[in-house]
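All remarks here apply to the structure that follows.
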Amino acid sequence: MVARQSNFDESTVSGQHVVRASNDVNYRRHILPGLHAECPNCKAKMWIWERAERSPMSNPVFSTCCSKGKVKIPAIESPPEVILSLLTGNDQSFVQFRRSIRAYNNIFALASNGADPDRNLANGRQGVYTFRINGNIHHQIGPFLPPNGQERPRFAQIYIYDREMQIDHRRTIMQNLDESILRRIQDWLLANNQFAQTIQFAAERLRNEPEAELSIRISGSTSQNRRQYTAPSVRSGCHCLRTRK
Ligand SMILES: [Zn+2]
């Protein structure tokens, strides 16, 4: 972190890894060396100075990652083949995909993020940007059909349309995304993602029965553990229900 605040006392920055910027003698900064150590249990990348007390430099053990192997962390599952090739391929469009990966993620999101941030802190006017919220972070899901006056569909609403229209809407919202990559991700989602499929199913029913009132219900796991994320159980899912004819 670069210390630039007016009340900053540069003499407080000291230690082994301090450098002074050559073009500005008025501030020093810490340059952290690479993470060259590895936890022998969970394989987390660590700084050697993070090792447990009384653990030797030559054979370090770590407790801040997995409590010296007591916590077993399951390996991250490999992504589907379509995503894996985008993440690892050398094709120029794949490289571009990785540069714009957040835009691709956003354009396929079914819901927007909702939170009540503390605006006094998260104003970016002074100090380090701090994001503090009151209450829970949640997902915002709008109405199934775009309301009157809304220019174009957003988030889950895009999934109502047929494949070509979905591509058009996504490219209208974010013009710089590669059409063939959009198509690959979209095809995979429509073939595999339960939420995307349920919306497509509901849209099909609406076309056949325009008067029907449908709702999409997402049922989550009933056992709540507020201290950790609970993976959806078999009983959870996403369903299209008729509420009234
Ligand atoms: Zn570990």
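Every chain in the structure tokens has a letter given in the order shown (A, B, ...), and although residue numbers restart at 1 in each chain, ligands are simply numbered from 1 in the order shown.
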
Please identify every residue of chain A that has at least one atom no farther than 8 Å from an atom of ligand 1, counting only C-alpha atoms and all ligand atoms, and for each give the shortest atom pair and the distance in Å to one decimal, arranged by chain then increasing number, as JSON lines.
```
{"residue": "A:Glu38", "atom": "CA", "partner": "ligand 1", "partner_atom_place_in_ligand_line": "1 (Zn)", "distance": 7.9}
{"residue": "A:Cys39", "atom": "CA", "partner": "ligand 1", "partner_atom_place_in_ligand_line": "1 (Zn)", "distance": 4.6}
{"residue": "A:Pro40", "atom": "CA", "partner": "ligand 1", "partner_atom_place_in_ligand_line": "1 (Zn)", "distance": 6.6}
{"residue": "A:Asn41", "atom": "CA", "partner": "ligand 1", "partner_atom_place_in_ligand_line": "1 (Zn)", "distance": 5.0}
{"residue": "A:Cys42", "atom": "CA", "partner": "ligand 1", "partner_atom_place_in_ligand_line": "1 (Zn)", "distance": 4.0}
{"residue": "A:Lys43", "atom": "CA", "partner": "ligand 1", "partner_atom_place_in_ligand_line": "1 (Zn)", "distance": 6.0}
{"residue": "A:Ala44", "atom": "CA", "partner": "ligand 1", "partner_atom_place_in_ligand_line": "1 (Zn)", "distance": 5.6}
{"residue": "A:Val61", "atom": "CA", "partner": "ligand 1", "partner_atom_place_in_ligand_line": "1 (Zn)", "distance": 7.7}
{"residue": "A:Phe62", "atom": "CA", "partner": "ligand 1", "partner_atom_place_in_ligand_line": "1 (Zn)", "distance": 5.8}
{"residue": "A:Ser63", "atom": "CA", "partner": "ligand 1", "partner_atom_place_in_ligand_line": "1 (Zn)", "distance": 6.4}
{"residue": "A:Thr64", "atom": "CA", "partner": "ligand 1", "partner_atom_place_in_ligand_line": "1 (Zn)", "distance": 7.1}
{"residue": "A:Cys65", "atom": "CA", "partner": "ligand 1", "partner_atom_place_in_ligand_line": "1 (Zn)", "distance": 4.3}
{"residue": "A:Cys66", "atom": "CA", "partner": "ligand 1", "partner_atom_place_in_ligand_line": "1 (Zn)", "distance": 4.0}
{"residue": "A:Ser67", "atom": "CA", "partner": "ligand 1", "partner_atom_place_in_ligand_line": "1 (Zn)", "distance": 6.4}
{"residue": "A:Lys68", "atom": "CA", "partner": "ligand 1", "partner_atom_place_in_ligand_line": "1 (Zn)", "distance": 5.8}
{"residue": "A:Gly69", "atom": "CA", "partner": "ligand 1", "partner_atom_place_in_ligand_line": "1 (Zn)", "distance": 5.8}
```

Write out as an NGL selection string each polymer residue whose atoms come within 9 Å of Ile173 of chain A, counting only C-alpha atoms; drop sequence neighbours fewer than 6 positions from it.
:A and (107 or 152 or 154)

Computed interatomic separation between atom CA of Ile218 of chain A and atom CA of Asn105 of chain A (Å)
21.0 Å

To test your reading of the structure, identify every residue in segment 59-222 of chain A that backbone DSSP assigns to strand (DSSP E), and report it as a JSON list (two decimals) with N, CA and C atoms, in the first residue's frame.
```
[["chain", "number", "residue", "atom", "x", "y", "z"],
["A", 112, "SER", "N", -28.86, -9.13, -9.67],
["A", 112, "SER", "CA", -27.84, -8.14, -9.31],
["A", 112, "SER", "C", -27.58, -8.23, -7.80],
["A", 113, "ASN", "N", -26.46, -7.70, -7.40],
["A", 113, "ASN", "CA", -26.11, -7.73, -5.99],
["A", 113, "ASN", "C", -26.85, -6.65, -5.23],
["A", 114, "GLY", "N", -27.36, -7.00, -4.09],
["A", 114, "GLY", "CA", -28.03, -6.00, -3.27],
["A", 114, "GLY", "C", -27.37, -5.90, -1.90],
["A", 115, "ALA", "N", -27.17, -4.68, -1.45],
["A", 115, "ALA", "CA", -26.61, -4.47, -0.10],
["A", 115, "ALA", "C", -26.91, -3.05, 0.30],
["A", 116, "ASP", "N", -26.84, -2.79, 1.59],
["A", 116, "ASP", "CA", -27.07, -1.44, 2.09],
["A", 116, "ASP", "C", -25.73, -0.91, 2.60],
["A", 117, "PRO", "N", -24.92, -0.32, 1.71],
["A", 117, "PRO", "CA", -23.58, 0.08, 2.15],
["A", 117, "PRO", "C", -23.60, 1.33, 3.02],
["A", 133, "ILE", "N", -21.25, -2.85, 4.99],
["A", 133, "ILE", "CA", -22.70, -2.86, 4.76],
["A", 133, "ILE", "C", -23.44, -3.05, 6.07],
["A", 134, "ASN", "N", -24.69, -2.62, 6.07],
["A", 134, "ASN", "CA", -25.60, -2.92, 7.17],
["A", 134, "ASN", "C", -26.49, -4.08, 6.72],
["A", 135, "GLY", "N", -26.68, -5.07, 7.55],
["A", 135, "GLY", "CA", -27.54, -6.19, 7.18],
["A", 135, "GLY", "C", -26.82, -7.17, 6.28],
["A", 136, "ASN", "N", -27.62, -7.92, 5.50],
["A", 136, "ASN", "CA", -27.05, -8.99, 4.67],
["A", 136, "ASN", "C", -26.80, -8.53, 3.24],
["A", 137, "ILE", "N", -25.86, -9.19, 2.60],
["A", 137, "ILE", "CA", -25.76, -9.06, 1.15],
["A", 137, "ILE", "C", -26.81, -10.01, 0.57],
["A", 138, "HIS", "N", -27.53, -9.54, -0.43],
["A", 138, "HIS", "CA", -28.58, -10.39, -0.99],
["A", 138, "HIS", "C", -28.60, -10.26, -2.51],
["A", 139, "HIS", "N", -29.42, -11.04, -3.14],
["A", 139, "HIS", "CA", -29.59, -10.93, -4.60],
["A", 139, "HIS", "C", -30.86, -10.15, -4.89],
["A", 140, "GLN", "N", -30.80, -9.31, -5.91],
["A", 140, "GLN", "CA", -32.00, -8.58, -6.31],
["A", 140, "GLN", "C", -32.54, -9.21, -7.59],
["A", 213, "GLU", "N", -50.84, -17.34, -15.06],
["A", 213, "GLU", "CA", -49.95, -16.60, -14.15],
["A", 213, "GLU", "C", -48.96, -17.57, -13.56],
["A", 214, "LEU", "N", -47.72, -17.32, -13.84],
["A", 214, "LEU", "CA", -46.69, -18.26, -13.41],
["A", 214, "LEU", "C", -45.77, -17.58, -12.41],
["A", 215, "SER", "N", -45.21, -18.39, -11.57],
["A", 215, "SER", "CA", -44.15, -17.86, -10.70],
["A", 215, "SER", "C", -42.98, -18.85, -10.70],
["A", 216, "ILE", "N", -41.81, -18.31, -10.49],
["A", 216, "ILE", "CA", -40.63, -19.17, -10.39],
["A", 216, "ILE", "C", -40.22, -19.19, -8.93],
["A", 217, "ARG", "N", -40.14, -20.38, -8.39],
["A", 217, "ARG", "CA", -39.81, -20.49, -6.97],
["A", 217, "ARG", "C", -38.46, -21.15, -6.80],
["A", 218, "ILE", "N", -37.62, -20.49, -6.04],
["A", 218, "ILE", "CA", -36.31, -21.06, -5.74],
["A", 218, "ILE", "C", -36.36, -21.56, -4.32],
["A", 219, "SER", "N", -36.20, -22.86, -4.14],
["A", 219, "SER", "CA", -36.25, -23.38, -2.78],
["A", 219, "SER", "C", -34.84, -23.73, -2.34]]
```

From the options A:Ala37, A:Ile73, A:Val95, A:Ala156, which residue's atoms come nearest to Phe144 of chain A, counting only C-alpha atoms?
A:Ala156

Nearest to Gln96 of chain A: which of A:Leu121, A:Leu189, A:Ile181, A:Pro143 is it, counting only C-alpha atoms?
A:Ile181

Could you find all residues in segment 64-188 of chain A that DSSP calls alpha helix (DSSP H) from the backbone, and write them as a PyMOL selection string?
chain A and resi 81-88+92-99+101-107+163-173+179-188

What does the distance between atom CA of Gln200 of chain A and atom CA of Asp162 of chain A come to in Å, to one decimal place?
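The value is 8.2 Å.
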
Do you know which residues are at most 12 Å from Leu87 of chain A counting only C-alpha atoms, after dropping those on the same chain fewer than 2 positions away, and could you put them as a VMD selection string?
chain A and resid 78 to 85 89 to 101 181

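Closest to Pro153 of chain A among A:Asn176, A:Leu110, A:Ala103, A:Pro56 is A:Leu110, based on only C-alpha atoms.
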
Which residues come within 9 Å of segment 47-49 of chain A, counting only C-alpha atoms, excluding same-chain residues fewer than 4 positions away, as an NGL selection string?
:A and (33-38 or 57 or 60)

Grab the atom CA of Thr88 of chain A to atom CA of Ile31 of chain A distance for me, in Å with one decimal place.
29.5 Å
